[in-house]
$ cat work.pdb   # PDB, C-alpha atoms
ATOM      1  CA  MET A   1       7.107   5.954  12.875  1.00  0.00           C
ATOM      2  CA  ASN A   2       9.076   3.023  14.254  1.00  0.00           C
ATOM      3  CA  THR A   3      12.121   1.955  12.313  1.00  0.00           C
ATOM      4  CA  THR A   4      12.793  -1.615  11.320  1.00  0.00           C
ATOM      5  CA  THR A   5      15.990  -3.482  10.579  1.00  0.00           C
ATOM      6  CA  LEU A   6      14.857  -4.848   7.212  1.00  0.00           C
ATOM      7  CA  ILE A   7      16.163  -3.554   3.886  1.00  0.00           C
ATOM      8  CA  GLN A   8      14.231  -0.870   2.052  1.00  0.00           C
ATOM      9  CA  GLY A   9      12.077  -2.605  -0.525  1.00  0.00           C
ATOM     10  CA  PRO A  10       9.995  -0.976  -3.227  1.00  0.00           C
ATOM     11  CA  ILE A  11       8.649   2.535  -2.808  1.00  0.00           C
ATOM     12  CA  ILE A  12       5.263   2.935  -4.410  1.00  0.00           C
ATOM     13  CA  GLU A  13       3.859   6.412  -4.855  1.00  0.00           C
ATOM     14  CA  VAL A  14       0.121   6.786  -4.341  1.00  0.00           C
ATOM     15  CA  MET A  15      -1.774   9.652  -5.952  1.00  0.00           C
ATOM     16  CA  ILE A  16      -5.422  10.455  -5.228  1.00  0.00           C
ATOM     17  CA  THR A  17      -7.311  12.599  -7.733  1.00  0.00           C
ATOM     18  CA  LEU A  18     -10.976  13.457  -8.188  1.00  0.00           C
ATOM     19  CA  ASP A  19     -12.770  12.842 -11.479  1.00  0.00           C
ATOM     20  CA  VAL A  20     -15.438  15.155 -12.950  1.00  0.00           C
ATOM     21  CA  ASN A  21     -18.064  13.545 -10.672  1.00  0.00           C
ATOM     22  CA  GLN A  22     -15.906  14.226  -7.583  1.00  0.00           C
ATOM     23  CA  GLU A  23     -15.195  10.505  -7.199  1.00  0.00           C
ATOM     24  CA  PRO A  24     -11.676   9.697  -6.002  1.00  0.00           C
ATOM     25  CA  LYS A  25      -9.284   7.733  -8.156  1.00  0.00           C
ATOM     26  CA  VAL A  26      -6.215   6.064  -6.634  1.00  0.00           C
ATOM     27  CA  THR A  27      -3.207   5.678  -8.922  1.00  0.00           C
ATOM     28  CA  TYR A  28      -0.047   3.731  -8.050  1.00  0.00           C
ATOM     29  CA  LEU A  29       3.345   4.689  -9.496  1.00  0.00           C
ATOM     30  CA  GLN A  30       6.682   2.924  -9.256  1.00  0.00           C
ATOM     31  CA  ASP A  31       9.763   4.484 -10.847  1.00  0.00           C
ATOM     32  CA  ASP A  32       7.444   7.088 -12.441  1.00  0.00           C
ATOM     33  CA  GLU A  33       5.408   4.373 -14.217  1.00  0.00           C
ATOM     34  CA  VAL A  34       1.775   3.551 -13.468  1.00  0.00           C
ATOM     35  CA  CYS A  35       1.526   0.133 -11.794  1.00  0.00           C
ATOM     36  CA  THR A  36      -0.938  -2.083  -9.914  1.00  0.00           C
ATOM     37  CA  GLY A  37       0.603  -1.452  -6.499  1.00  0.00           C
ATOM     38  CA  ASN A  38       1.387  -5.187  -6.216  1.00  0.00           C
ATOM     39  CA  VAL A  39       4.763  -6.234  -4.819  1.00  0.00           C
ATOM     40  CA  VAL A  40       6.690  -9.527  -5.095  1.00  0.00           C
ATOM     41  CA  VAL A  41       8.949 -10.151  -2.091  1.00  0.00           C
ATOM     42  CA  THR A  42      11.936 -12.532  -2.124  1.00  0.00           C
ATOM     43  CA  CYS A  43      13.574 -11.432   1.151  1.00  0.00           C
ATOM     44  CA  GLY A  44      12.569  -9.517   4.269  1.00  0.00           C
ATOM     45  CA  GLU A  45      11.974  -5.875   3.433  1.00  0.00           C
ATOM     46  CA  ASP A  46       9.989  -2.747   4.163  1.00  0.00           C
ATOM     47  CA  ILE A  47       7.443  -1.917   1.454  1.00  0.00           C
ATOM     48  CA  THR A  48       6.713   1.811   1.413  1.00  0.00           C
ATOM     49  CA  TYR A  49       3.601   3.502   0.036  1.00  0.00           C
ATOM     50  CA  ARG A  50       4.088   7.290  -0.216  1.00  0.00           C
ATOM     51  CA  LEU A  51       1.351   9.850  -0.922  1.00  0.00           C
ATOM     52  CA  VAL A  52       2.218  12.333  -3.682  1.00  0.00           C
ATOM     53  CA  ASN A  53       0.194  15.210  -5.139  1.00  0.00           C
ATOM     54  CA  SER A  54      -2.711  14.315  -2.837  1.00  0.00           C
ATOM     55  CA  ALA A  55      -3.365  17.380  -0.691  1.00  0.00           C
ATOM     56  CA  GLY A  56      -5.952  16.813   2.016  1.00  0.00           C
ATOM     57  CA  TYR A  57      -5.383  13.040   2.235  1.00  0.00           C
ATOM     58  CA  ALA A  58      -3.380  11.000   4.735  1.00  0.00           C
ATOM     59  CA  PHE A  59      -2.831   7.306   5.382  1.00  0.00           C
ATOM     60  CA  MET A  60      -4.765   5.933   8.330  1.00  0.00           C
ATOM     61  CA  GLY A  61      -3.598   2.330   7.913  1.00  0.00           C
ATOM     62  CA  ALA A  62      -4.199  -0.810   5.874  1.00  0.00           C
ATOM     63  CA  GLY A  63      -7.023  -3.328   6.105  1.00  0.00           C
ATOM     64  CA  PHE A  64      -6.363  -6.982   5.275  1.00  0.00           C
ATOM     65  CA  LEU A  65      -8.754  -9.611   3.953  1.00  0.00           C
ATOM     66  CA  THR A  66      -6.692 -12.254   5.778  1.00  0.00           C
ATOM     67  CA  PRO A  67      -4.977 -10.444   8.680  1.00  0.00           C
ATOM     68  CA  TYR A  68      -3.738 -13.635  10.344  1.00  0.00           C
ATOM     69  CA  ASP A  69      -1.867 -15.154   7.384  1.00  0.00           C
ATOM     70  CA  ASN A  70       1.475 -13.716   8.658  1.00  0.00           C
ATOM     71  CA  ILE A  71       2.505 -12.463   5.219  1.00  0.00           C
ATOM     72  CA  ILE A  72       2.744  -8.883   6.501  1.00  0.00           C
ATOM     73  CA  ASP A  73       4.202  -8.645   9.990  1.00  0.00           C
ATOM     74  CA  SER A  74       3.210  -5.069  10.835  1.00  0.00           C
ATOM     75  CA  VAL A  75       2.037  -1.754   9.418  1.00  0.00           C
ATOM     76  CA  GLN A  76       3.566   1.593  10.307  1.00  0.00           C
ATOM     77  CA  VAL A  77       2.199   5.045   9.420  1.00  0.00           C
ATOM     78  CA  SER A  78       4.382   8.150   9.581  1.00  0.00           C
ATOM     79  CA  ALA A  79       3.414  10.905  12.024  1.00  0.00           C
ATOM     80  CA  ASP A  80       2.278  13.157   9.155  1.00  0.00           C
ATOM     81  CA  GLY A  81       0.307  10.337   7.499  1.00  0.00           C
ATOM     82  CA  GLN A  82       2.158  10.682   4.206  1.00  0.00           C
ATOM     83  CA  GLU A  83       3.919   7.293   4.311  1.00  0.00           C
ATOM     84  CA  LEU A  84       2.739   3.815   5.141  1.00  0.00           C
ATOM     85  CA  VAL A  85       5.228   0.969   5.549  1.00  0.00           C
ATOM     86  CA  LEU A  86       4.339  -2.720   5.348  1.00  0.00           C
ATOM     87  CA  VAL A  87       6.938  -4.730   7.249  1.00  0.00           C
ATOM     88  CA  ASP A  88       7.390  -8.104   5.541  1.00  0.00           C
ATOM     89  CA  GLU A  89       9.913 -10.455   7.099  1.00  0.00           C
ATOM     90  CA  ASP A  90       9.200 -12.919   4.251  1.00  0.00           C
ATOM     91  CA  SER A  91       8.866 -15.803   6.695  1.00  0.00           C
ATOM     92  CA  VAL A  92       5.630 -17.133   5.147  1.00  0.00           C
ATOM     93  CA  SER A  93       5.011 -17.951   1.481  1.00  0.00           C
ATOM     94  CA  GLY A  94       1.793 -16.873  -0.165  1.00  0.00           C
ATOM     95  CA  THR A  95      -0.253 -13.865  -1.208  1.00  0.00           C
ATOM     96  CA  THR A  96      -2.155 -11.363   0.905  1.00  0.00           C
ATOM     97  CA  LYS A  97      -4.678  -8.792  -0.280  1.00  0.00           C
ATOM     98  CA  PHE A  98      -5.271  -5.496   1.479  1.00  0.00           C
ATOM     99  CA  GLN A  99      -6.643  -2.016   1.011  1.00  0.00           C
ATOM    100  CA  LEU A 100      -4.970   1.207   2.002  1.00  0.00           C
ATOM    101  CA  ILE A 101      -7.166   3.377   4.229  1.00  0.00           C
ATOM    102  CA  PHE A 102      -7.100   7.176   3.889  1.00  0.00           C
ATOM    103  CA  THR A 103      -8.538  10.064   5.866  1.00  0.00           C
ATOM    104  CA  ASN A 104      -9.403  13.359   4.207  1.00  0.00           C
ATOM    105  CA  THR A 105      -9.826  16.960   5.310  1.00  0.00           C
ATOM    106  CA  THR A 106     -13.233  17.382   3.614  1.00  0.00           C
ATOM    107  CA  ASN A 107     -15.258  15.123   5.930  1.00  0.00           C
ATOM    108  CA  SER A 108     -14.913  12.314   8.472  1.00  0.00           C
ATOM    109  CA  LEU A 109     -15.447   9.509   5.938  1.00  0.00           C
ATOM    110  CA  LEU A 110     -12.608   7.120   5.087  1.00  0.00           C
ATOM    111  CA  LEU A 111     -11.420   6.236   1.578  1.00  0.00           C
ATOM    112  CA  LEU A 112     -10.353   2.701   0.618  1.00  0.00           C
ATOM    113  CA  SER A 113      -7.876   2.015  -2.189  1.00  0.00           C
ATOM    114  CA  PRO A 114      -8.147  -0.657  -4.857  1.00  0.00           C
ATOM    115  CA  ASP A 115      -6.609  -3.814  -3.400  1.00  0.00           C
ATOM    116  CA  PRO A 116      -2.910  -4.272  -4.124  1.00  0.00           C
ATOM    117  CA  GLN A 117      -1.243  -7.544  -3.146  1.00  0.00           C
ATOM    118  CA  VAL A 118       2.003  -8.651  -1.558  1.00  0.00           C
ATOM    119  CA  ILE A 119       3.284 -11.948  -2.919  1.00  0.00           C
ATOM    120  CA  ASN A 120       6.014 -13.660  -0.891  1.00  0.00           C
ATOM    121  CA  LYS A 121       8.679 -16.080  -2.174  1.00  0.00           C
ATOM    122  CA  GLY A 122       8.637 -15.060  -5.797  1.00  0.00           C
ATOM    123  CA  GLU A 123       5.177 -16.304  -6.716  1.00  0.00           C
ATOM    124  CA  LEU A 124       3.942 -14.517  -9.832  1.00  0.00           C
ATOM    125  CA  PRO A 125       1.088 -12.053  -9.315  1.00  0.00           C
ATOM    126  CA  PRO A 126      -2.185 -12.874 -11.056  1.00  0.00           C
ATOM    127  CA  LYS A 127      -2.779 -11.376 -14.512  1.00  0.00           C
ATOM    128  CA  TYR A 128      -5.579  -8.822 -14.726  1.00  0.00           C
TER     129      TYR A 128
END

$ encode --input "work.pdb" --output "structure tokens"
Amino acid sequence: MNTTTLIQGPIIEVMITLDVNQEPKVTYLQDDEVCTGNVVVTCGEDITYRLVNSAGYAFMGAGFLTPYDNIIDSVQVSADGQELVLVDEDSVSGTTKFQLIFTNTTNSLLLLSPDPQVINKGELPPKY
């Protein structure tokens, strides 16, 4: 994985579990608390999503609804697929929505996460 010169921003743990119907559930944790996965950025930083307790899954990348809005400058995935870093230089104000994309060892199908958001320049995230 390439390194950047930005400060380390939030680290969000991502856990994938299967329910009784074998349907995957993606849970986001920050500082050991369940969260939405959303991040508010007020300066350039690296936003890290880290897989935990999710054997058989790996990050493949991130898909953006608006990939040309320049909110996120690049995406980096570690060689083992256990970390995904969104590089946000915080040069553009606004909100971008994306989904994390996972591979799995069971089949060749890809899993999409619920859509977290990155909000630049201190805008408040929407209430759900």

$ closest_residue --input "work.pdb" --among "A:Leu29, A:Gly56, A:Val118, A:Leu109" --to "Asp73 (chain A)" --atoms "all atoms listed in the file"
A:Val118

$ resolve_selection --input "work.pdb" --expression "the PyMOL selection byres ((chain A and resi 119-121) around 10)" --output "PyMOL selection string"
chain A and resi 38-44+71-72+88-97+116-118+122-126

$ resolve_selection --input "work.pdb" --expression "the PyMOL selection byres ((chain A and resi 81) around 10)" --output "PyMOL selection string"
chain A and resi 1+50-51+57-61+76-80+82-84+102-103

$ resolve_selection --input "work.pdb" --expression "the PyMOL selection byres ((chain A and resi 113) around 9)" --output "JSON list (two decimals) with C-alpha atoms, keeping the file's coordinate frame"
[["chain", "number", "residue", "atom", "x", "y", "z"],
["A", 25, "LYS", "CA", -9.28, 7.73, -8.16],
["A", 26, "VAL", "CA", -6.22, 6.06, -6.63],
["A", 27, "THR", "CA", -3.21, 5.68, -8.92],
["A", 98, "PHE", "CA", -5.27, -5.50, 1.48],
["A", 99, "GLN", "CA", -6.64, -2.02, 1.01],
["A", 100, "LEU", "CA", -4.97, 1.21, 2.00],
["A", 101, "ILE", "CA", -7.17, 3.38, 4.23],
["A", 102, "PHE", "CA", -7.10, 7.18, 3.89],
["A", 111, "LEU", "CA", -11.42, 6.24, 1.58],
["A", 112, "LEU", "CA", -10.35, 2.70, 0.62],
["A", 114, "PRO", "CA", -8.15, -0.66, -4.86],
["A", 115, "ASP", "CA", -6.61, -3.81, -3.40],
["A", 116, "PRO", "CA", -2.91, -4.27, -4.12]]

$ residues_around --input "work.pdb" --residues "Ser74 (chain A)" --least-positions-apart "4" --cutoff "9 Å" --atoms "all atoms listed in the file" --output "JSON, numbers by chain"
{"A": [85, 86, 87, 88]}

$ atom_distance --input "work.pdb" --atom1 "CA of Thr105 (chain A)" --atom2 "CA of Pro67 (chain A)"
28.0 Å

$ atom_distance --input "work.pdb" --atom1 "CA of Leu110 (chain A)" --atom2 "CA of Pro10 (chain A)"
25.4 Å

$ atom_distance --input "work.pdb" --atom1 "CA of Ile7 (chain A)" --atom2 "CA of Asp69 (chain A)"
21.7 Å

$ closest_residue --input "work.pdb" --among "A:Asp31, A:Asn53, A:Glu45, A:Leu65" --to "Val14 (chain A)" --atoms "all atoms listed in the file"
A:Asn53

$ closest_residue --input "work.pdb" --among "A:Asn21, A:Tyr28, A:Asp46, A:Cys35" --to "Gly9 (chain A)" --atoms "only C-alpha atoms"
A:Asp46
